[in-house]
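Notes follow once the structure below has been shown.
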Amino acid sequence: MPRWLYIWPLNFVIVGFVVFGAIFFLMAKRSRDKTRKADQRSIIAIFVQALAFAIAWTIVRKPFTPFLPIDWRAQYFVAAIIVLLVLASLVLVTAAVRTLGKQWSLQARVLEHHELIRRGPYRIVRHPIYTGMFGMLIASSLVDGHWLGLIIASVVYYLGTMIRIRSEEKLLREQFGSQYDEYAREVPAFIPFRGTRSVVPPKS
């Protein structure tokens with residue numbers, strides 16, 4: 001396999017992560033509203049998600065070899081997928097952070113004047129930032145990782161994300177009640193497919 005077919009996508013993903021971080025630092029706005037309620041458990045979920053990325057970058061394949069043990073020319077297709085994943089993830093996260101505005105926070109919380117946002121990327125999934133992060137996770141494994149590492153990292157990321165989503169949606173259900181139940185029925189959690197809608201059961 002040509003060395004550039006390995007190095008170029010790898011550098012592209014690294015630059016993607018730099019841009020990914022810059023989105024949060026440059027676009028995130030601090031709200032002047034007081035926090036009405038927060039959940040500390042959501043911070044634990046962040047570490048679980050971070051562990052998934054560590055796994056993706058730790059369980060790697062031999063350098064300058066394709067992701068799958070097939071004809072190396074298939075790596076051209078893999079490289080194209082990597083580029084599309086990174087670009088789509090960055091666009092999705094940028095739109096999500098911009099739409100959230102001052103409501104974005106690392107910790108799961110609701111503000112005194114919290115708004116239930118259903119516009120922009122939130123029309124597609126309820127947690128588009130986690131969708132974008134998952135895209136970056138897959139790109140990380142495709143560019144340098146082993147297929148087994150991708151499976152393990154995906155499972156760990158899913159578990160961490162479910163913890164985070166349950167934490168956030170518990171607060172949102174307490175804040176918006178049936179309005180959020182309706183939203184959860186209509187829009188998937190973070191994977192835009194049917195069957196991934198409700199994460200936290202509504203109160204009876």
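So you can find residues: chains in the structure tokens are A, B, ... in the order shown, residues in each start at 1, and ligands are numbered from 1 in order.
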
task: Show which residues sit within 8 Å of region 79-87 of chain A, as number ranges by chain. Count only C-alpha atoms, and ignore same-chain residues fewer than 3 positions away.
output: A: 5, 9, 12-13, 16, 75-76, 90-91, 135-136, 138-139, 142-143

task: List every residue of chain A that DSSP, applied to the backbone of this structure, places in strand (DSSP E or B), and write the result as a list in words.
output: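 Strand (DSSP E or B) assignments inside chain A correspond to Thr35, Arg36, Lys37, Ala38, Asp39, Val60, Ala108, Arg109, Val110, Leu111 and Gly145 of chain A.
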
For Thr99 (chain A): contacts at 12 Å, only C-alpha atoms, fewer than 3 positions along chain excluded, given as a ChimeraX atom specification: /A:27-29,92-96,102-104,115-123,127-129

field: Shell around region 43-54 of chain A at 7 Å using only C-alpha atoms, local window under 2 positions removed, as a PyMOL selection string
entry: chain A and resi 40-41+56-58+107+137+153-154+156-157+160-161+163-164

Atoms to include: all heavy atoms. Write the selected residues as a CSV table (one decimal), in the first residue's frame.
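Once everything was written out, this is part15.csv:
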chain,number,residue,atom,x,y,z
A,40,GLN,N,-24.2,15.3,38.4
A,40,GLN,CA,-22.7,15.1,38.4
A,40,GLN,C,-22.4,13.8,37.7
A,40,GLN,O,-21.2,13.7,37.2
A,40,GLN,CB,-22.3,15.0,39.8
A,40,GLN,CG,-22.4,16.3,40.6
A,40,GLN,CD,-21.5,17.4,40.2
A,40,GLN,OE1,-20.5,17.2,39.5
A,40,GLN,NE2,-21.8,18.6,40.6
A,41,ARG,N,-23.3,12.9,37.5
A,41,ARG,CA,-23.0,11.6,36.9
A,41,ARG,C,-22.6,11.7,35.4
A,41,ARG,O,-22.0,10.9,34.8
A,41,ARG,CB,-24.2,10.6,37.1
A,41,ARG,CG,-24.4,10.1,38.5
A,41,ARG,CD,-25.7,9.3,38.6
A,41,ARG,NE,-26.8,10.1,38.2
A,41,ARG,CZ,-28.1,9.6,38.2
A,41,ARG,NH1,-28.3,8.4,38.5
A,41,ARG,NH2,-29.1,10.4,37.9
A,56,ALA,N,-9.6,3.2,20.7
A,56,ALA,CA,-9.5,3.3,19.2
A,56,ALA,C,-8.0,3.6,18.8
A,56,ALA,O,-7.6,3.1,17.8
A,56,ALA,CB,-10.4,4.3,18.7
A,57,TRP,N,-7.3,4.4,19.6
A,57,TRP,CA,-6.0,4.9,19.2
A,57,TRP,C,-4.9,3.9,19.8
A,57,TRP,O,-3.7,4.1,19.5
A,57,TRP,CB,-5.7,6.3,19.7
A,57,TRP,CG,-6.4,7.3,18.8
A,57,TRP,CD1,-7.6,8.0,19.1
A,57,TRP,CD2,-6.0,7.8,17.6
A,57,TRP,NE1,-7.9,8.8,18.1
A,57,TRP,CE2,-7.0,8.7,17.1
A,57,TRP,CE3,-4.9,7.5,16.7
A,57,TRP,CZ2,-6.9,9.4,15.9
A,57,TRP,CZ3,-4.8,8.2,15.5
A,57,TRP,CH2,-5.8,9.1,15.1
A,58,THR,N,-5.3,3.0,20.7
A,58,THR,CA,-4.3,2.1,21.3
A,58,THR,C,-4.3,0.7,20.6
A,58,THR,O,-3.2,0.2,20.4
A,58,THR,CB,-4.7,1.9,22.8
A,58,THR,OG1,-4.7,3.2,23.5
A,58,THR,CG2,-3.7,1.0,23.4
A,107,GLN,N,-21.3,19.6,31.6
A,107,GLN,CA,-22.1,18.9,32.6
A,107,GLN,C,-23.6,18.9,32.2
A,107,GLN,O,-24.1,19.9,31.7
A,107,GLN,CB,-22.0,19.6,34.0
A,107,GLN,CG,-22.7,18.9,35.1
A,107,GLN,CD,-22.6,19.6,36.4
A,107,GLN,OE1,-22.4,20.8,36.5
A,107,GLN,NE2,-22.7,18.9,37.5
A,137,LEU,N,-14.9,8.8,16.2
A,137,LEU,CA,-14.4,7.6,16.7
A,137,LEU,C,-14.2,6.5,15.6
A,137,LEU,O,-13.1,5.9,15.5
A,137,LEU,CB,-15.3,7.1,17.8
A,137,LEU,CG,-14.9,5.7,18.4
A,137,LEU,CD1,-13.7,5.9,19.3
A,137,LEU,CD2,-16.1,5.1,19.2
A,153,ALA,N,-14.1,-0.3,21.1
A,153,ALA,CA,-14.3,1.1,21.3
A,153,ALA,C,-15.7,1.6,21.1
A,153,ALA,O,-16.3,2.4,21.8
A,153,ALA,CB,-13.4,1.9,20.4
A,154,SER,N,-16.4,1.0,20.1
A,154,SER,CA,-17.8,1.3,19.8
A,154,SER,C,-18.7,0.9,21.0
A,154,SER,O,-19.6,1.7,21.4
A,154,SER,CB,-18.3,0.7,18.5
A,154,SER,OG,-17.5,1.2,17.4
A,156,VAL,N,-17.8,0.5,24.2
A,156,VAL,CA,-17.5,1.4,25.3
A,156,VAL,C,-18.1,2.7,25.1
A,156,VAL,O,-18.7,3.3,26.0
A,156,VAL,CB,-16.0,1.5,25.5
A,156,VAL,CG1,-15.7,2.5,26.6
A,156,VAL,CG2,-15.4,0.1,25.9
A,157,TYR,N,-18.0,3.3,23.9
A,157,TYR,CA,-18.6,4.6,23.6
A,157,TYR,C,-20.1,4.6,23.8
A,157,TYR,O,-20.7,5.5,24.3
A,157,TYR,CB,-18.2,5.0,22.2
A,157,TYR,CG,-18.8,6.4,21.8
A,157,TYR,CD1,-18.1,7.5,22.3
A,157,TYR,CD2,-20.0,6.5,21.1
A,157,TYR,CE1,-18.7,8.8,22.0
A,157,TYR,CE2,-20.5,7.7,20.8
A,157,TYR,CZ,-19.8,8.9,21.3
A,157,TYR,OH,-20.4,10.1,21.0
A,160,GLY,N,-21.0,4.6,27.5
A,160,GLY,CA,-20.7,5.9,28.0
A,160,GLY,C,-21.8,6.9,27.6
A,160,GLY,O,-22.3,7.8,28.3
A,161,THR,N,-22.1,6.9,26.3
A,161,THR,CA,-23.1,7.8,25.7
A,161,THR,C,-24.5,7.6,26.3
A,161,THR,O,-25.2,8.5,26.6
A,161,THR,CB,-23.1,7.7,24.2
A,161,THR,OG1,-21.8,8.0,23.7
A,161,THR,CG2,-24.1,8.7,23.6
A,163,ILE,N,-25.1,6.5,29.3
A,163,ILE,CA,-25.1,7.0,30.7
A,163,ILE,C,-25.3,8.5,30.6
A,163,ILE,O,-26.1,9.1,31.3
A,163,ILE,CB,-23.8,6.7,31.4
A,163,ILE,CG1,-23.6,5.2,31.6
A,163,ILE,CG2,-23.7,7.5,32.7
A,163,ILE,CD1,-22.2,4.8,32.1
A,164,ARG,N,-24.6,9.2,29.7
A,164,ARG,CA,-24.7,10.6,29.5
A,164,ARG,C,-26.1,11.0,29.1
A,164,ARG,O,-26.7,12.0,29.6
A,164,ARG,CB,-23.7,11.1,28.4
A,164,ARG,CG,-23.8,12.5,28.1
A,164,ARG,CD,-23.0,13.4,29.1
A,164,ARG,NE,-23.1,14.8,28.8
A,164,ARG,CZ,-22.5,15.7,29.3
A,164,ARG,NH1,-21.6,15.5,30.3
A,164,ARG,NH2,-22.6,17.0,29.0

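Of the listed residues (A:Val97, A:Ala184, A:Met1, A:Ile151), A:Met1 comes nearest to Trp72 (chain A); the distances count only C-alpha atoms.
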
message: So that I can check the secondary structure, give me every residue of region 4-151 of chain A assigned alpha helix (DSSP H) by backbone DSSP, as a PyMOL selection string.
response: chain A and resi 4-27+41-58+75-100+128-144+147-151

- prompt: In Å to one decimal, how far is CA of Pro188 (chain A) from CA of Leu106 (chain A)?
  reply: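 Spanning CA of Leu106 (chain A) to CA of Pro188 (chain A) is a straight-line distance of 21.2 Å.
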